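Visitor: Provided herewith: my_file.txt, compact mmCIF, C-alpha atoms.
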```txt
# COMPACT_ATOMS: atom_id res chain seq x y z
CA MET A 7 77.59 37.26 175.25
CA ASN A 8 75.22 36.56 178.10
CA PHE A 9 73.25 33.62 179.38
CA ARG A 10 70.28 34.30 177.17
CA ASP A 11 72.49 34.10 174.09
CA LEU A 12 74.01 30.89 175.35
CA PHE A 13 70.59 29.30 175.68
CA HIS A 14 69.42 30.72 172.41
CA TYR A 15 72.34 29.31 170.45
CA PHE A 16 73.47 26.21 172.25
CA PHE A 17 70.64 24.76 174.27
CA ASN A 18 67.74 26.08 172.29
CA PHE A 19 65.04 23.79 173.58
CA LYS A 20 62.65 24.44 170.69
CA PHE A 21 65.23 23.45 168.08
CA PHE A 22 66.41 20.57 170.22
CA ILE A 23 62.91 19.05 170.25
CA ILE A 24 62.19 19.79 166.58
CA THR A 25 65.40 18.21 165.34
CA LEU A 26 65.64 15.32 167.77
CA PRO A 27 63.62 12.72 165.76
CA ASP A 28 65.76 13.38 162.68
CA LEU A 29 68.97 13.19 164.69
CA LEU A 30 67.87 9.89 166.21
CA ARG A 31 67.23 8.51 162.71
CA GLY A 32 70.80 9.57 161.92
CA LEU A 33 72.05 7.84 165.05
CA VAL A 34 70.41 4.59 163.86
CA VAL A 35 72.41 4.80 160.60
CA THR A 36 75.60 5.48 162.60
CA VAL A 37 74.93 2.44 164.77
CA GLU A 38 74.16 0.26 161.73
CA ILE A 39 77.45 1.14 160.04
CA ALA A 40 79.33 0.67 163.30
CA ALA A 41 77.76 -2.72 164.04
CA LEU A 42 78.43 -4.07 160.54
CA SER A 43 81.98 -2.70 160.45
CA LEU A 44 82.90 -4.01 163.88
CA THR A 45 81.54 -7.52 163.30
CA LEU A 46 83.00 -7.98 159.83
CA GLY A 47 86.30 -6.22 160.63
CA PHE A 48 86.78 -8.30 163.74
CA VAL A 49 86.17 -11.60 161.90
CA LEU A 50 88.35 -10.61 158.94
CA GLY A 51 91.16 -9.54 161.28
CA LEU A 52 91.04 -12.87 163.11
CA VAL A 53 91.08 -14.84 159.83
CA LEU A 54 94.06 -12.81 158.53
CA ALA A 55 95.93 -13.33 161.82
CA VAL A 56 95.41 -17.10 161.70
CA ILE A 57 96.56 -17.15 158.06
CA ARG A 58 99.72 -15.19 158.90
CA VAL A 59 100.59 -17.30 161.95
CA THR A 60 100.01 -20.44 159.90
CA LEU A 61 102.20 -19.15 157.06
CA LYS A 62 104.97 -18.34 159.51
CA HIS A 63 104.98 -21.85 160.96
CA SER A 64 104.25 -23.73 157.77
CA GLY A 65 107.77 -25.20 157.88
CA THR A 66 109.14 -26.21 154.50
CA ALA A 67 106.22 -24.93 152.45
CA GLY A 68 108.36 -21.94 151.53
CA VAL A 69 106.37 -21.04 148.44
CA LEU A 70 103.36 -20.23 150.58
CA ARG A 71 105.35 -17.63 152.47
CA ILE A 72 105.24 -15.37 149.44
CA LEU A 73 101.57 -14.91 150.37
CA ASN A 74 102.74 -13.22 153.55
CA PHE A 75 104.04 -10.23 151.60
CA PRO A 76 100.73 -8.91 150.17
CA LEU A 77 99.18 -9.33 153.62
CA VAL A 78 101.91 -7.20 155.24
CA VAL A 79 101.41 -4.52 152.58
CA TYR A 80 97.61 -4.57 153.10
CA ILE A 81 97.99 -4.18 156.85
CA ASP A 82 100.68 -1.48 156.80
CA VAL A 83 98.95 0.60 154.13
CA LEU A 84 95.67 0.63 156.03
CA ARG A 85 97.41 1.50 159.28
CA ALA A 86 99.39 4.36 157.73
CA ILE A 87 96.74 6.10 155.59
CA PRO A 88 94.22 8.27 157.47
CA PRO A 89 90.71 6.71 157.45
CA LEU A 90 89.19 9.78 155.78
CA VAL A 91 91.63 9.42 152.87
CA THR A 92 90.77 5.74 152.45
CA LEU A 93 87.06 6.56 152.57
CA ILE A 94 87.37 9.27 149.92
CA VAL A 95 89.46 7.05 147.65
CA VAL A 96 86.90 4.22 147.97
CA TYR A 97 83.92 6.46 147.29
CA TYR A 98 85.25 9.02 144.80
CA ALA A 99 88.15 7.28 143.03
CA LEU A 100 86.94 3.70 142.54
CA PRO A 101 83.95 4.68 140.30
CA PHE A 102 86.51 5.89 137.70
CA ILE A 103 87.57 2.28 137.20
CA ASN A 104 83.93 1.17 137.15
CA ILE A 105 83.66 0.04 140.74
CA THR A 106 80.70 1.97 142.10
CA ILE A 107 79.69 1.28 145.67
CA PRO A 108 76.72 3.02 147.33
CA ARG A 109 77.67 5.49 150.11
CA PHE A 110 76.53 3.29 152.95
CA TRP A 111 78.48 0.26 151.76
CA ALA A 112 81.53 2.34 150.82
CA ALA A 113 81.65 3.45 154.46
CA VAL A 114 81.17 -0.10 155.76
CA LEU A 115 83.87 -1.45 153.42
CA THR A 116 86.34 1.25 154.50
CA PHE A 117 85.88 0.67 158.20
CA VAL A 118 85.92 -3.12 157.80
CA VAL A 119 89.29 -3.14 156.04
CA ILE A 120 90.79 -0.59 158.47
CA LEU A 121 89.62 -2.47 161.56
CA SER A 122 90.75 -5.79 160.07
CA ALA A 123 94.30 -4.42 159.67
CA PHE A 124 94.51 -3.27 163.29
CA ALA A 125 92.74 -6.38 164.62
CA GLU A 126 95.10 -8.61 162.66
CA GLU A 127 98.13 -7.01 164.35
CA ILE A 128 96.59 -7.41 167.79
CA PHE A 129 95.43 -11.01 167.26
CA ARG A 130 98.72 -12.08 165.68
CA ALA A 131 100.79 -10.66 168.54
CA THR A 132 98.61 -12.40 171.13
CA ILE A 133 98.38 -15.72 169.28
CA GLU A 134 102.17 -15.73 169.09
CA ALA A 135 102.37 -14.95 172.80
CA ILE A 136 100.63 -18.26 173.57
CA ASP A 137 103.19 -20.98 174.24
CA ARG A 138 103.84 -23.29 171.27
CA GLY A 139 103.53 -26.23 173.68
CA GLN A 140 99.77 -25.58 173.81
CA ILE A 141 99.26 -26.22 170.14
CA GLU A 142 101.66 -29.17 170.17
CA ALA A 143 99.75 -30.75 173.06
CA ALA A 144 96.42 -30.13 171.32
CA ARG A 145 97.71 -31.66 168.08
CA SER A 146 99.10 -34.74 169.86
CA LEU A 147 95.70 -35.23 171.51
CA GLY A 148 94.27 -35.69 168.03
CA LEU A 149 92.81 -32.23 167.33
CA SER A 150 93.30 -30.91 163.83
CA TYR A 151 95.31 -27.70 163.31
CA LEU A 152 92.18 -25.57 162.95
CA GLN A 153 90.53 -27.25 165.92
CA SER A 154 93.52 -26.57 168.17
CA MET A 155 93.53 -22.96 166.98
CA ALA A 156 89.81 -22.51 167.54
CA TYR A 157 89.41 -24.37 170.84
CA VAL A 158 92.81 -23.98 172.50
CA VAL A 159 94.90 -21.07 171.24
CA ILE A 160 92.38 -18.39 170.23
CA PRO A 161 90.32 -18.47 173.46
CA GLN A 162 93.52 -17.90 175.45
CA ALA A 163 94.83 -15.25 173.06
CA PHE A 164 91.47 -13.49 173.13
CA LYS A 165 91.84 -12.66 176.79
CA ILE A 166 95.14 -10.82 176.24
CA ALA A 167 93.83 -9.21 173.06
CA LEU A 168 90.74 -7.75 174.68
CA PRO A 169 92.05 -4.42 176.09
CA PRO A 170 93.86 -3.17 172.95
CA LEU A 171 91.05 -4.55 170.82
CA THR A 172 88.29 -2.70 172.69
CA SER A 173 90.11 0.61 172.46
CA ARG A 174 90.72 0.10 168.73
CA MET A 175 87.07 -0.82 168.20
CA ILE A 176 86.00 2.37 169.96
CA ALA A 177 88.37 4.36 167.75
CA VAL A 178 86.87 2.82 164.60
CA THR A 179 83.31 3.39 165.84
CA LYS A 180 84.13 7.06 166.43
CA ASP A 181 85.50 7.25 162.88
CA VAL A 182 82.09 6.15 161.57
CA SER A 183 81.03 9.81 161.79
CA LEU A 184 83.50 10.45 158.90
CA ALA A 185 80.87 8.81 156.66
CA SER A 186 79.02 12.15 156.71
CA VAL A 187 81.81 13.51 154.47
CA ILE A 188 80.72 11.23 151.61
CA GLY A 189 77.08 12.12 152.26
CA VAL A 190 75.86 9.20 154.33
CA ALA A 191 72.83 10.43 156.30
CA ASP A 192 74.34 9.63 159.68
CA LEU A 193 73.98 11.55 162.93
CA LEU A 194 76.59 14.17 162.04
CA LYS A 195 75.20 14.76 158.54
CA LYS A 196 71.67 15.22 159.94
CA ALA A 197 72.99 17.63 162.56
CA ARG A 198 74.86 19.71 159.97
CA ALA A 199 71.79 19.84 157.73
CA ALA A 200 69.55 20.93 160.63
CA GLN A 201 72.14 23.51 161.69
CA SER A 202 72.08 25.20 158.28
CA LEU A 203 68.30 24.93 158.02
CA TYR A 204 67.61 26.66 161.35
CA ALA A 205 70.76 28.84 161.32
CA ASN A 206 71.34 27.73 164.88
CA PRO A 207 74.07 25.40 166.16
CA THR A 208 71.86 23.61 168.71
CA PRO A 209 71.56 20.47 166.50
CA LEU A 210 75.35 20.20 166.30
CA PHE A 211 75.52 20.49 170.05
CA SER A 212 72.76 17.85 170.43
CA ALA A 213 74.73 15.54 168.14
CA ALA A 214 77.86 16.03 170.25
CA LEU A 215 75.76 15.21 173.30
CA LEU A 216 74.31 12.06 171.70
CA PHE A 217 77.78 10.92 170.59
CA THR A 218 79.17 11.49 174.07
CA LEU A 219 76.28 9.69 175.77
CA PHE A 220 76.83 6.82 173.37
CA PHE A 221 80.61 6.57 173.70
CA LEU A 222 81.27 7.52 177.31
CA PRO A 223 80.10 4.14 178.67
CA LEU A 224 82.28 2.40 176.08
CA VAL A 225 85.37 4.46 176.99
CA ARG A 226 84.76 3.71 180.67
CA LEU A 227 84.19 0.01 179.89
CA SER A 228 87.47 -0.26 177.98
CA MET A 229 89.35 1.36 180.88
CA TYR A 230 87.65 -1.08 183.25
CA ILE A 231 88.61 -4.09 181.12
CA GLU A 232 92.19 -2.84 180.93
CA LYS A 233 92.41 -2.52 184.70
CA LYS A 234 90.68 -5.84 185.34
CA LEU A 235 92.99 -7.79 183.05
CA ALA A 236 96.12 -6.02 184.28
CA GLU A 237 95.55 -7.43 187.77
CA MET B 13 94.78 -1.99 133.50
CA GLU B 14 94.98 0.94 131.12
CA SER B 15 92.00 2.48 132.87
CA ILE B 16 93.74 2.13 136.23
CA ILE B 17 96.88 3.87 134.95
CA TYR B 18 94.88 6.62 133.23
CA ASN B 19 92.69 7.31 136.26
CA PHE B 20 94.96 6.58 139.22
CA PHE B 21 98.53 7.10 138.01
CA ASN B 22 98.11 9.70 135.29
CA VAL B 23 101.50 11.39 134.85
CA GLU B 24 100.07 14.45 133.14
CA VAL B 25 97.61 15.01 136.00
CA MET B 26 100.39 14.45 138.52
CA ILE B 27 102.44 17.23 136.92
CA ARG B 28 99.49 19.61 136.87
CA ALA B 29 98.48 18.86 140.47
CA ARG B 30 101.96 18.85 141.97
CA TYR B 31 102.02 22.49 143.06
CA LEU B 32 98.65 22.33 144.83
CA LEU B 33 99.66 19.15 146.62
CA TRP B 34 103.00 20.67 147.64
CA LEU B 35 101.16 23.64 149.17
CA GLY B 36 98.81 21.24 150.94
CA LEU B 37 101.65 19.10 152.25
CA GLN B 38 103.31 22.15 153.81
CA VAL B 39 100.10 23.05 155.65
CA THR B 40 99.66 19.44 156.80
CA LEU B 41 103.23 19.26 158.14
CA LYS B 42 102.99 22.60 159.96
CA LEU B 43 99.63 21.66 161.43
CA ALA B 44 100.89 18.24 162.51
CA PHE B 45 104.07 19.53 164.18
CA LEU B 46 102.43 22.42 166.04
CA SER B 47 99.43 20.39 167.22
CA LEU B 48 101.58 17.45 168.27
CA LEU B 49 103.86 19.73 170.29
CA LEU B 50 100.94 21.50 171.99
CA ALA B 51 99.04 18.25 172.65
CA ILE B 52 102.11 16.70 174.30
CA LEU B 53 102.62 19.81 176.45
CA VAL B 54 98.94 19.89 177.50
CA GLY B 55 98.96 16.15 178.24
CA LEU B 56 102.17 16.34 180.24
CA PHE B 57 101.04 19.39 182.17
CA LEU B 58 97.71 17.80 183.11
CA ALA B 59 99.31 14.47 184.04
CA VAL B 60 101.78 16.20 186.39
CA LEU B 61 98.97 18.32 187.78
CA ARG B 62 96.85 15.23 188.37
CA ASN B 63 99.70 13.69 190.32
CA LEU B 64 99.31 16.45 192.92
CA ARG B 65 96.01 14.72 193.84
CA ILE B 66 93.90 17.82 194.41
CA PRO B 67 90.34 16.35 194.41
CA LEU B 68 88.44 19.13 192.61
CA LEU B 69 91.20 19.63 190.03
CA ASN B 70 91.39 15.89 189.37
CA ALA B 71 87.64 15.67 188.86
CA LEU B 72 87.89 18.42 186.22
CA ILE B 73 90.81 16.70 184.49
CA ILE B 74 88.93 13.39 184.44
CA ILE B 75 85.87 15.07 182.92
CA TYR B 76 88.04 16.71 180.26
CA VAL B 77 89.83 13.47 179.39
CA ASP B 78 86.71 11.31 179.28
CA LEU B 79 84.70 13.85 177.32
CA PHE B 80 87.24 14.26 174.56
CA ARG B 81 88.07 10.60 174.35
CA ALA B 82 84.37 9.95 173.81
CA LEU B 83 83.62 12.73 171.32
CA PRO B 84 84.45 11.92 167.67
CA THR B 85 87.22 14.27 166.52
CA ILE B 86 85.35 15.42 163.41
CA VAL B 87 82.52 16.64 165.68
CA LEU B 88 85.07 18.57 167.74
CA PHE B 89 86.45 20.23 164.58
CA MET B 90 82.93 21.31 163.65
CA LEU B 91 82.08 22.53 167.14
CA VAL B 92 85.20 24.71 167.25
CA TYR B 93 84.88 26.08 163.75
CA PHE B 94 81.10 26.41 163.34
CA THR B 95 79.80 27.14 166.84
CA TRP B 96 82.46 29.21 168.58
CA PRO B 97 81.77 32.21 166.31
CA TYR B 98 78.27 32.38 167.88
CA PHE B 99 80.11 33.12 171.14
CA GLY B 100 82.22 35.78 169.50
CA ILE B 101 85.29 33.56 169.20
CA SER B 102 86.05 33.40 165.48
CA LEU B 103 89.24 31.51 164.91
CA PRO B 104 90.68 31.19 161.40
CA ARG B 105 90.52 27.67 159.94
CA TYR B 106 94.14 26.90 160.71
CA TRP B 107 93.88 27.84 164.38
CA SER B 108 90.52 26.06 164.72
CA ALA B 109 92.28 22.90 163.54
CA VAL B 110 95.20 23.46 165.93
CA VAL B 111 92.79 23.97 168.85
CA ALA B 112 90.70 20.88 168.00
CA LEU B 113 93.77 18.67 167.55
CA THR B 114 95.37 19.96 170.76
CA ILE B 115 92.22 19.46 172.86
CA ASN B 116 91.69 15.98 171.47
CA GLY B 117 95.34 14.86 171.50
CA GLY B 118 95.93 16.37 174.95
CA ALA B 119 93.26 14.09 176.44
CA TYR B 120 94.94 10.98 175.07
CA PHE B 121 98.45 12.13 176.03
CA GLU B 122 97.29 12.90 179.58
CA GLU B 123 96.18 9.27 179.99
CA ILE B 124 99.45 7.97 178.57
CA PHE B 125 101.66 10.18 180.75
CA ARG B 126 99.58 9.47 183.83
CA ALA B 127 99.93 5.71 183.32
CA GLY B 128 103.69 6.28 182.93
CA ILE B 129 103.99 8.34 186.10
CA GLU B 130 101.89 5.85 188.06
CA SER B 131 104.08 2.98 186.90
CA ILE B 132 106.97 4.42 188.93
CA ASP B 133 107.05 3.25 192.54
CA LYS B 134 105.86 5.84 195.08
CA GLY B 135 109.02 5.17 197.08
CA GLN B 136 110.96 7.02 194.38
CA THR B 137 109.02 10.21 195.00
CA GLU B 138 109.31 9.84 198.74
CA ALA B 139 113.06 9.23 198.56
CA SER B 140 113.62 12.26 196.29
CA ARG B 141 111.50 14.50 198.44
CA ALA B 142 113.34 13.26 201.56
CA LEU B 143 116.61 14.16 199.84
CA GLY B 144 115.38 17.74 199.55
CA LEU B 145 114.25 17.87 195.88
CA SER B 146 111.18 19.98 195.18
CA PHE B 147 108.05 18.47 193.59
CA THR B 148 109.02 19.83 190.18
CA GLN B 149 112.61 18.62 190.50
CA THR B 150 111.38 15.17 191.56
CA MET B 151 109.03 15.01 188.58
CA PHE B 152 111.47 16.14 185.94
CA SER B 153 114.74 14.62 187.16
CA VAL B 154 113.54 11.39 188.77
CA ILE B 155 110.06 10.22 187.77
CA LEU B 156 109.62 11.29 184.13
CA PRO B 157 112.99 9.95 182.88
CA GLN B 158 112.06 6.52 184.26
CA ALA B 159 108.52 6.72 182.88
CA VAL B 160 109.82 7.08 179.30
CA ARG B 161 110.05 3.29 178.96
CA VAL B 162 106.35 2.86 179.68
CA VAL B 163 105.29 6.00 177.84
CA LEU B 164 107.24 5.71 174.59
CA PRO B 165 105.25 2.94 172.79
CA PRO B 166 101.73 4.33 173.38
CA ALA B 167 102.94 7.93 172.88
CA THR B 168 104.42 7.07 169.47
CA SER B 169 101.23 5.32 168.45
CA ASN B 170 99.20 8.30 169.62
CA ALA B 171 101.44 10.72 167.73
CA LEU B 172 100.75 8.65 164.60
CA GLU B 173 97.01 8.88 165.22
CA LEU B 174 97.23 12.65 165.75
CA ILE B 175 99.10 13.18 162.49
CA LYS B 176 96.49 11.05 160.69
CA THR B 177 93.76 13.16 162.29
CA THR B 178 95.08 16.37 160.66
CA VAL B 179 93.19 15.39 157.47
CA LEU B 180 89.95 16.17 159.29
CA ALA B 181 90.87 19.85 158.85
CA SER B 182 89.71 19.34 155.25
CA VAL B 183 86.09 19.24 156.47
CA ILE B 184 86.41 22.83 157.70
CA ALA B 185 88.00 23.64 154.30
CA LEU B 186 91.55 24.23 155.53
CA PRO B 187 93.68 23.81 152.39
CA GLU B 188 95.81 20.96 153.73
CA LEU B 189 96.99 18.01 151.64
CA MET B 190 93.66 16.18 151.40
CA LYS B 191 91.63 19.33 150.65
CA GLN B 192 94.05 20.33 147.89
CA ALA B 193 93.91 16.80 146.49
CA GLN B 194 90.11 16.94 146.43
CA GLN B 195 90.23 20.34 144.75
CA ALA B 196 92.66 19.09 142.10
CA HIS B 197 90.47 16.00 141.67
CA GLY B 198 87.48 18.26 141.04
CA SER B 199 89.13 20.65 138.62
CA LEU B 200 91.05 18.02 136.63
CA ALA B 201 88.19 15.47 136.66
CA ASN B 202 90.66 12.71 137.40
CA PRO B 203 91.18 10.96 140.75
CA THR B 204 94.99 10.72 140.42
CA PRO B 205 95.51 13.54 142.99
CA LEU B 206 93.53 11.54 145.57
CA ILE B 207 95.80 8.53 145.01
CA MET B 208 98.84 10.83 145.22
CA ALA B 209 97.66 12.21 148.56
CA ALA B 210 97.16 8.67 149.85
CA LEU B 211 100.66 7.72 148.67
CA ILE B 212 102.21 10.82 150.29
CA PHE B 213 100.58 9.88 153.60
CA LEU B 214 101.82 6.33 153.15
CA VAL B 215 105.43 7.43 152.56
CA LEU B 216 105.24 9.91 155.44
CA LEU B 217 103.63 7.64 158.00
CA TRP B 218 104.75 4.12 157.09
CA PRO B 219 108.05 4.49 159.02
CA LEU B 220 106.04 5.60 162.06
CA VAL B 221 103.76 2.54 161.75
CA ARG B 222 106.85 0.31 161.73
CA LEU B 223 108.43 2.22 164.62
CA THR B 224 105.25 1.80 166.69
CA GLY B 225 105.31 -1.96 166.19
CA TYR B 226 109.03 -2.10 166.99
CA LEU B 227 108.70 -0.08 170.22
CA GLU B 228 105.76 -2.20 171.37
CA ARG B 229 107.75 -5.40 170.92
CA ARG B 230 110.94 -3.95 172.40
CA PHE B 231 109.39 -2.58 175.59
CA ALA B 232 106.93 -5.43 176.05
CA LYS B 233 109.60 -7.50 177.80
```
Could you write out this file's structure as structure tokens?
Guide:
Amino acid sequence: MNFRDLFHYFFNFKFFIITLPDLLRGLVVTVEIAALSLTLGFVLGLVLAVIRVTLKHSGTAGVLRILNFPLVVYIDVLRAIPPLVTLIVVYYALPFINITIPRFWAAVLTFVVILSAFAEEIFRATIEAIDRGQIEAARSLGLSYLQSMAYVVIPQAFKIALPPLTSRMIAVTKDVSLASVIGVADLLKKARAAQSLYANPTPLFSAALLFTLFFLPLVRLSMYIEKKLAE
Amino acid sequence: MESIIYNFFNVEVMIRARYLLWLGLQVTLKLAFLSLLLAILVGLFLAVLRNLRIPLLNALIIIYVDLFRALPTIVLFMLVYFTWPYFGISLPRYWSAVVALTINGGAYFEEIFRAGIESIDKGQTEASRALGLSFTQTMFSVILPQAVRVVLPPATSNALELIKTTVLASVIALPELMKQAQQAHGSLANPTPLIMAALIFLVLLWPLVRLTGYLERRFAK
């Protein structure tokens, strides 16, 4: 092992340039899956949290509380099972019962449901941390239940939810690279293909570099938000 | 309904796949315990080291932590297993997985332990040192026991994440639970083993999910 070997295998400039356009196309797919999963997962998590808080405080409507049970199961199952397992079940097992989802959407679906489970937990905890007096005051001022949630409680809860939510969103975005396992042509898949084609690991190293360049600002941002809100 | 039972909960397939899955589960458990232990040790060591406030050393620790918190874990698995051999470091699959999980988990544990150590008032260190305790004694008998309260909830949640991450070893073909399930799925042409693997993870990790939630609520006050 000497420096020439290092440059030949890891920073091989020729292979770096040749494979870069393809890797960037892969990065676009990664970003697409991430953007869709984050947006939909975030919204679904918020909706589930509002439903669960509402069920908890629905007073005498005891029958409705039965609905709470399937939601708890949904959330706990998705938090306990590793994302790769969920992804493989969605893509390889569901077609046996005639539910066939294309790779791209199987990945999106998986990450949406996983993020929604984690986001629900975070939103619910923070919504419950907001004083009940807030919603009572909003209601007595004539706002409907949903209005007081949307304009009074959620904006306040959002501020507390932000740090854990950002770090969870980063975790889910990093998991997007698992989609390569079911054959989605994302950054990692492209890098692996180029690596075998040229029998040189430079593309894998370039992919690691692209991932790091992409995520490092996000990791730093989440630490910044955490510090800022802790003050 | 019949199709769901035949394809997802097929008793005959379960019986035929049980030995493979049992082998896989053993590998998963060994991998999880060893990596968790090593990651905690690495994290603790680096957090204590960082508390010494040696500028160059701290810069290196920060680079390590940031880098591996930013890099997707599956990429790390592939880097260790597929590229290290070009350098003449050929680790078997199992040890590649242990190394990847330790490097990745260590970065997260370092952050958690550091936050815990920093949550303890500096006066505590000064008082202990003034009483004649060495740096190591101060750390292990005064600071760390108090930091447990702050450290326990995020550390439990991180341990859960690390155990979940062991399935990534299947992408470098280590015969752990998920790989064995996929193999059984392939040879028996029935996805029941995949569902079984998911259920085994659920049974194994569900208590930890609950514990995480409990600790977060308990120590939030």
Visitor: Using all atoms listed in the file, which of A:Val182, A:Leu235, A:Val79, A:Leu210 sits nearest A:Phe21?
Guide: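 The closest residue to A:Phe21 is A:Leu210.
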Visitor: Please determine, counting all atoms listed in the file, which residue among B:Ala193, B:Leu79, B:Ala112, B:Leu61 has the shortest atom-to-atom distance to chain A.
Guide: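 Answer, going by the shortest atom-to-atom distance: B:Leu79.
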Visitor: Pick the closest to A:Tyr80 from A:Leu46, A:Ile107, A:Ala185, A:Leu121: which is it, counting only C-alpha atoms?
Guide: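 The closest residue to A:Tyr80 is A:Leu121.
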Visitor: When you look at B:Lys134 with a cut-off of 12 Å (counting only C-alpha atoms), what residues show up, excluding the ones that are within fewer than 6 positions of it in the same chain? I need them as a PDB file with C-alpha atoms, keeping the file's coordinate frame.
Guide:
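Output below, filename around-v2.pdb:
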```
ATOM      1  CA  ASN B  63      99.700  13.690 190.320  1.00  0.00           C
ATOM      2  CA  SER B 140     113.620  12.260 196.290  1.00  0.00           C
ATOM      3  CA  ARG B 141     111.500  14.500 198.440  1.00  0.00           C
ATOM      4  CA  THR B 150     111.380  15.170 191.560  1.00  0.00           C
ATOM      5  CA  MET B 151     109.030  15.010 188.580  1.00  0.00           C
ATOM      6  CA  VAL B 154     113.540  11.390 188.770  1.00  0.00           C
ATOM      7  CA  ILE B 155     110.060  10.220 187.770  1.00  0.00           C
TER       8      ILE B 155
END
```
Visitor: Find the residues around B:Pro205 up to 7 Å (all atoms listed in the file counted), leave out those fewer than 2 positions away in its own chain, and share them as JSON, numbers by chain.
Guide: {"B": [26, 29, 193, 196, 197, 203, 207, 208, 209]}
Visitor: Please find the residues of chain A near chain B - the criterion being any atom within 6 Å, counting only C-alpha atoms - and write them as a list in words.
Guide: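 On the chain A side, the interface is Ala86, Ile87, Pro88, Ala99, Lys180, Thr218, Phe221 and Leu222 of chain A.
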Visitor: Hey, what's within 8 Å of B:Val39 if we count all atoms listed in the file and toss same-chain stuff fewer than 6 positions away? As a list of chain:residue names, please?
Guide: B:Pro187, B:Glu188, B:Leu189
Visitor: Taking all listed atoms of stretch 27-39 of chain A, build the axis-aligned box, pad each of the six sides by 3 Å, then write its centre and edge lengths in Å to one decimal as lines of an AutoDock Vina configuration file.
Guide:
```
center_x = 70.5
center_y = 6.8
center_z = 163.1
size_x = 19.8
size_y = 19.1
size_z = 12.2
```
Visitor: From the list A:Gly139, A:Pro161, A:Gly32, A:Pro27, which residue is nearest A:Phe217 when using all atoms listed in the file?
Guide: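 Under the stated criterion, the closest residue is A:Gly32.
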Visitor: One number please: atom CA of A:Pro223 to atom CA of A:Arg174, in Å, one decimal.
Guide: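 Distance between the two atoms: 15.1 Å.
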Visitor: Using all atoms listed in the file, which of the listed residues (B:Arg126, B:Pro165, B:Ser131, B:Leu186) sits closest to B:Leu35?
Guide: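 Closest residue, counting all atoms listed in the file: B:Leu186.
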Visitor: One decimal, Å: what's the distance from atom CA of B:Leu32 over to atom CA of B:Ala181, could you say?
Guide: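 For atom CA of B:Leu32 relative to atom CA of B:Ala181, the distance reads 16.2 Å.
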Visitor: Would you compute the distance between atom CA of A:Leu194 and atom CA of A:Ala213? Give it in Å to one decimal.
Guide: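 Calculated distance between atom CA of A:Leu194 and atom CA of A:Ala213 is 6.5 Å.
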Visitor: Could you name the residues that touch B:Thr114 at 7 Å or less, counting all atoms listed in the file, but leaving out those on the same chain fewer than 2 positions away, as a short mmCIF file (atom, residue, chain, number, x, y, z; two decimals) with C-alpha atoms, in the coordinates of the input?
Guide:
```cif
data_model
loop_
_atom_site.label_atom_id
_atom_site.label_comp_id
_atom_site.auth_asym_id
_atom_site.auth_seq_id
_atom_site.Cartn_x
_atom_site.Cartn_y
_atom_site.Cartn_z
CA SER B 47 99.43 20.39 167.22
CA LEU B 50 100.94 21.50 171.99
CA ALA B 51 99.04 18.25 172.65
CA VAL B 110 95.20 23.46 165.93
CA VAL B 111 92.79 23.97 168.85
CA ALA B 112 90.70 20.88 168.00
CA ASN B 116 91.69 15.98 171.47
CA GLY B 117 95.34 14.86 171.50
CA GLY B 118 95.93 16.37 174.95
#
```
Visitor: If you count all atoms listed in the file, which residues fall within 12 Å of A:Val37, apart from same-chain ones fewer than 6 positions away, as a PyMOL selection string?
Guide: chain A and resi 30-31+43-44+110+114+178-183+185+191-193+216-217+220-221
